[in-house]
Amino acid sequence: MGYTGEEQDWHPLTLPITGDEAEQVIASAGAVIIHVWAVWNHYDRRMDEIIQILRSDFENEVRFYALDVDPEPHWAFNLRHQVMNVPTLICYVNGRHMETITGLRSQEELRSMIQQMIESKIE
């Protein structure tokens with residue numbers, strides 16, 4: 001199924017963020033995951049469902065944000081962080097890049113990655 005335009009009202013339930021705001025959040029202390037998404041990508045809808053579960057499970061340990069890949073003001077962020085496809089998850093701990101995950105992943109795989117992020121935050 002292609003993009004029909006009906007999807008234009010959908011957006012992730014995670015807190016939206018701009019490219020400039022994302023750079024500030026990344027530089028701050030703590031664990032951060034930015035979900036780079038597109039309204040026309042159906043995999044992003046499934047990824048958002050998984051993120052909502054994980055967000056609930058890790059609400060005191062990881063901050064989750066959503067950045068729409070398409071608006072022109074976000075292109076600089078996408079270039080700096082080499083976002084080539086969606087969904088993409090960009091993971092930082094205390095301003096240090098930990099991992100970039102491209103494509104839909106299982107809840108179990110993402111949970112494991114988040115647990116590793118949390119452990120590295122403690123070290």
# chains A, B, ... in the order shown; residues from 1 in each chain; ligands from 1
>>> residues_around(residues="Ala29 in chain A", least_positions_apart="5", cutoff="10 Å", atoms="only C-alpha atoms", output="mmCIF file with C-alpha atoms, in the first residue's frame")
data_model
loop_
_atom_site.group_PDB
_atom_site.id
_atom_site.type_symbol
_atom_site.label_atom_id
_atom_site.label_comp_id
_atom_site.auth_asym_id
_atom_site.auth_seq_id
_atom_site.Cartn_x
_atom_site.Cartn_y
_atom_site.Cartn_z
ATOM 1 C CA TYR A 92 22.690 8.665 23.465
ATOM 2 C CA VAL A 93 23.879 8.478 27.060
ATOM 3 C CA ASN A 94 25.302 11.609 28.696
ATOM 4 C CA GLY A 95 25.902 13.175 25.275
ATOM 5 C CA ARG A 96 27.775 10.136 23.954
ATOM 6 C CA LYS A 121 24.985 5.230 32.159
#
>>> select_by_dssp(residues="chain A", states="strand (DSSP E)", output="list in words")
Leu15, Pro16, Ala31, Val32, Ile33, Ile34, His35, Val36, Trp37, Val62, Arg63, Phe64, Tyr65, Ala66, Leu67, Asp68, Thr88, Leu89, Ile90, Cys91, Tyr92, Val93, Arg96, His97, Met98, Glu99, Thr100, Ile101 and Thr102 of chain A
>>> residues_around(residues="range 34-38 of chain A", least_positions_apart="2", cutoff="6 Å", atoms="only C-alpha atoms", output="list in words")
Trp40, Asn41, Asp44, Phe64, Tyr65, Ala66, Leu67, Asp68, Val69, Val86, Pro87, Thr88, Leu89 and Ile90 of chain A
>>> residues_around(residues="Gln107 in chain A", least_positions_apart="5", cutoff="9 Å", atoms="only C-alpha atoms", output="count of residues only")
6
>>> atom_distance(atom1="CA of Met117 in chain A", atom2="CA of Cys91 in chain A")
8.2 Å
>>> closest_residue(among="A:Arg45, A:His97, A:Arg55, A:His74", to="Ile17 in chain A", atoms="only C-alpha atoms")
A:His74
>>> select_by_dssp(residues="chain A", states="helix (DSSP H, G or I)", output="NGL selection string")
:A and (6-9 or 19-27 or 42-57 or 72-80 or 107-122)
>>> write_last_selection(atoms="C-alpha atoms", output="PDB file, in the first residue's frame")
ATOM      1  CA  GLU A   6      -4.973   9.694   4.692  1.00  0.00           C
ATOM      2  CA  GLU A   7      -2.035   8.970   6.975  1.00  0.00           C
ATOM      3  CA  GLN A   8      -1.203  12.660   7.361  1.00  0.00           C
ATOM      4  CA  ASP A   9      -3.015  12.859  10.685  1.00  0.00           C
ATOM      5  CA  GLY A  19      16.176  19.046  15.079  1.00  0.00           C
ATOM      6  CA  ASP A  20      17.533  21.951  17.139  1.00  0.00           C
ATOM      7  CA  GLU A  21      15.795  20.722  20.289  1.00  0.00           C
ATOM      8  CA  ALA A  22      17.149  17.227  19.654  1.00  0.00           C
ATOM      9  CA  GLU A  23      20.723  18.530  19.640  1.00  0.00           C
ATOM     10  CA  GLN A  24      20.126  20.163  23.036  1.00  0.00           C
ATOM     11  CA  VAL A  25      18.535  17.019  24.478  1.00  0.00           C
ATOM     12  CA  ILE A  26      21.379  14.842  23.206  1.00  0.00           C
ATOM     13  CA  ALA A  27      23.937  17.064  24.924  1.00  0.00           C
ATOM     14  CA  HIS A  42       3.878   2.158   8.122  1.00  0.00           C
ATOM     15  CA  TYR A  43       6.793   0.551   9.978  1.00  0.00           C
ATOM     16  CA  ASP A  44       6.967   3.694  12.109  1.00  0.00           C
ATOM     17  CA  ARG A  45       3.475   2.968  13.406  1.00  0.00           C
ATOM     18  CA  ARG A  46       4.546  -0.451  14.649  1.00  0.00           C
ATOM     19  CA  MET A  47       7.779   0.992  16.051  1.00  0.00           C
ATOM     20  CA  ASP A  48       5.744   3.585  17.948  1.00  0.00           C
ATOM     21  CA  GLU A  49       3.601   0.848  19.513  1.00  0.00           C
ATOM     22  CA  ILE A  50       6.765  -0.867  20.738  1.00  0.00           C
ATOM     23  CA  ILE A  51       8.255   2.404  21.959  1.00  0.00           C
ATOM     24  CA  GLN A  52       5.135   3.158  24.002  1.00  0.00           C
ATOM     25  CA  ILE A  53       5.525  -0.133  25.866  1.00  0.00           C
ATOM     26  CA  LEU A  54       9.235   0.458  26.446  1.00  0.00           C
ATOM     27  CA  ARG A  55       8.651   4.074  27.403  1.00  0.00           C
ATOM     28  CA  SER A  56       6.303   2.899  30.135  1.00  0.00           C
ATOM     29  CA  ASP A  57       8.772   0.260  31.315  1.00  0.00           C
ATOM     30  CA  GLU A  72      13.152  20.944   5.915  1.00  0.00           C
ATOM     31  CA  PRO A  73      14.263  22.405   9.273  1.00  0.00           C
ATOM     32  CA  HIS A  74      15.101  18.836  10.391  1.00  0.00           C
ATOM     33  CA  TRP A  75      17.296  18.019   7.388  1.00  0.00           C
ATOM     34  CA  ALA A  76      20.457  19.325   9.071  1.00  0.00           C
ATOM     35  CA  PHE A  77      19.848  16.981  12.011  1.00  0.00           C
ATOM     36  CA  ASN A  78      19.275  14.091   9.614  1.00  0.00           C
ATOM     37  CA  LEU A  79      22.536  14.816   7.799  1.00  0.00           C
ATOM     38  CA  ARG A  80      24.585  15.199  10.994  1.00  0.00           C
ATOM     39  CA  GLN A 107      10.452  -5.333  21.450  1.00  0.00           C
ATOM     40  CA  GLU A 108      12.874  -7.839  22.976  1.00  0.00           C
ATOM     41  CA  GLU A 109      15.821  -6.572  20.927  1.00  0.00           C
ATOM     42  CA  LEU A 110      15.087  -2.957  21.829  1.00  0.00           C
ATOM     43  CA  ARG A 111      14.582  -3.829  25.500  1.00  0.00           C
ATOM     44  CA  SER A 112      18.003  -5.477  25.568  1.00  0.00           C
ATOM     45  CA  MET A 113      19.610  -2.450  23.908  1.00  0.00           C
ATOM     46  CA  ILE A 114      17.963  -0.082  26.414  1.00  0.00           C
ATOM     47  CA  GLN A 115      19.145  -2.186  29.347  1.00  0.00           C
ATOM     48  CA  GLN A 116      22.692  -1.973  27.994  1.00  0.00           C
ATOM     49  CA  MET A 117      22.316   1.814  27.690  1.00  0.00           C
ATOM     50  CA  ILE A 118      21.179   2.055  31.295  1.00  0.00           C
ATOM     51  CA  GLU A 119      24.099  -0.072  32.475  1.00  0.00           C
ATOM     52  CA  SER A 120      26.569   2.130  30.580  1.00  0.00           C
ATOM     53  CA  LYS A 121      24.985   5.230  32.159  1.00  0.00           C
ATOM     54  CA  ILE A 122      25.830   3.849  35.591  1.00  0.00           C
TER      55      ILE A 122
END
>>> atom_distance(atom1="CA of Asn85 in chain A", atom2="CA of Gly103 in chain A")
7.4 Å
>>> decode(residues="range 46-108 of chain A", atoms="C-alpha atoms", output="PDB file, in the first residue's frame")
ATOM      1  CA  ARG A  46       4.546  -0.451  14.649  1.00  0.00           C
ATOM      2  CA  MET A  47       7.779   0.992  16.051  1.00  0.00           C
ATOM      3  CA  ASP A  48       5.744   3.585  17.948  1.00  0.00           C
ATOM      4  CA  GLU A  49       3.601   0.848  19.513  1.00  0.00           C
ATOM      5  CA  ILE A  50       6.765  -0.867  20.738  1.00  0.00           C
ATOM      6  CA  ILE A  51       8.255   2.404  21.959  1.00  0.00           C
ATOM      7  CA  GLN A  52       5.135   3.158  24.002  1.00  0.00           C
ATOM      8  CA  ILE A  53       5.525  -0.133  25.866  1.00  0.00           C
ATOM      9  CA  LEU A  54       9.235   0.458  26.446  1.00  0.00           C
ATOM     10  CA  ARG A  55       8.651   4.074  27.403  1.00  0.00           C
ATOM     11  CA  SER A  56       6.303   2.899  30.135  1.00  0.00           C
ATOM     12  CA  ASP A  57       8.772   0.260  31.315  1.00  0.00           C
ATOM     13  CA  PHE A  58      11.768   2.633  31.399  1.00  0.00           C
ATOM     14  CA  GLU A  59      10.031   5.935  32.188  1.00  0.00           C
ATOM     15  CA  ASN A  60      12.427   6.865  35.007  1.00  0.00           C
ATOM     16  CA  GLU A  61      15.593   5.872  33.156  1.00  0.00           C
ATOM     17  CA  VAL A  62      15.292   6.887  29.497  1.00  0.00           C
ATOM     18  CA  ARG A  63      13.757   9.920  27.783  1.00  0.00           C
ATOM     19  CA  PHE A  64      12.044   9.180  24.465  1.00  0.00           C
ATOM     20  CA  TYR A  65      11.399  11.725  21.708  1.00  0.00           C
ATOM     21  CA  ALA A  66      10.046  11.660  18.137  1.00  0.00           C
ATOM     22  CA  LEU A  67      11.473  13.677  15.243  1.00  0.00           C
ATOM     23  CA  ASP A  68       9.656  13.859  11.893  1.00  0.00           C
ATOM     24  CA  VAL A  69      12.223  13.186   9.165  1.00  0.00           C
ATOM     25  CA  ASP A  70      10.524  15.214   6.435  1.00  0.00           C
ATOM     26  CA  PRO A  71      10.306  18.921   7.404  1.00  0.00           C
ATOM     27  CA  GLU A  72      13.152  20.944   5.915  1.00  0.00           C
ATOM     28  CA  PRO A  73      14.263  22.405   9.273  1.00  0.00           C
ATOM     29  CA  HIS A  74      15.101  18.836  10.391  1.00  0.00           C
ATOM     30  CA  TRP A  75      17.296  18.019   7.388  1.00  0.00           C
ATOM     31  CA  ALA A  76      20.457  19.325   9.071  1.00  0.00           C
ATOM     32  CA  PHE A  77      19.848  16.981  12.011  1.00  0.00           C
ATOM     33  CA  ASN A  78      19.275  14.091   9.614  1.00  0.00           C
ATOM     34  CA  LEU A  79      22.536  14.816   7.799  1.00  0.00           C
ATOM     35  CA  ARG A  80      24.585  15.199  10.994  1.00  0.00           C
ATOM     36  CA  HIS A  81      23.250  11.916  12.351  1.00  0.00           C
ATOM     37  CA  GLN A  82      23.308  10.101   8.998  1.00  0.00           C
ATOM     38  CA  VAL A  83      19.601   9.287   8.971  1.00  0.00           C
ATOM     39  CA  MET A  84      19.095   7.473   5.672  1.00  0.00           C
ATOM     40  CA  ASN A  85      15.970   5.431   6.376  1.00  0.00           C
ATOM     41  CA  VAL A  86      13.032   5.311   8.766  1.00  0.00           C
ATOM     42  CA  PRO A  87      12.324   4.185  11.313  1.00  0.00           C
ATOM     43  CA  THR A  88      15.629   5.116  12.915  1.00  0.00           C
ATOM     44  CA  LEU A  89      16.368   5.165  16.635  1.00  0.00           C
ATOM     45  CA  ILE A  90      19.324   7.286  17.718  1.00  0.00           C
ATOM     46  CA  CYS A  91      20.533   6.483  21.228  1.00  0.00           C
ATOM     47  CA  TYR A  92      22.690   8.665  23.465  1.00  0.00           C
ATOM     48  CA  VAL A  93      23.879   8.478  27.060  1.00  0.00           C
ATOM     49  CA  ASN A  94      25.302  11.609  28.696  1.00  0.00           C
ATOM     50  CA  GLY A  95      25.902  13.175  25.275  1.00  0.00           C
ATOM     51  CA  ARG A  96      27.775  10.136  23.954  1.00  0.00           C
ATOM     52  CA  HIS A  97      26.411   8.311  20.910  1.00  0.00           C
ATOM     53  CA  MET A  98      25.673   4.712  21.864  1.00  0.00           C
ATOM     54  CA  GLU A  99      23.863   3.241  18.890  1.00  0.00           C
ATOM     55  CA  THR A 100      21.814   3.965  15.796  1.00  0.00           C
ATOM     56  CA  ILE A 101      19.200   1.397  14.874  1.00  0.00           C
ATOM     57  CA  THR A 102      17.571   1.490  11.463  1.00  0.00           C
ATOM     58  CA  GLY A 103      14.479  -0.471  10.576  1.00  0.00           C
ATOM     59  CA  LEU A 104      11.787  -2.138  12.605  1.00  0.00           C
ATOM     60  CA  ARG A 105      13.138  -4.214  15.506  1.00  0.00           C
ATOM     61  CA  SER A 106      11.472  -6.495  18.006  1.00  0.00           C
ATOM     62  CA  GLN A 107      10.452  -5.333  21.450  1.00  0.00           C
ATOM     63  CA  GLU A 108      12.874  -7.839  22.976  1.00  0.00           C
TER      64      GLU A 108
END
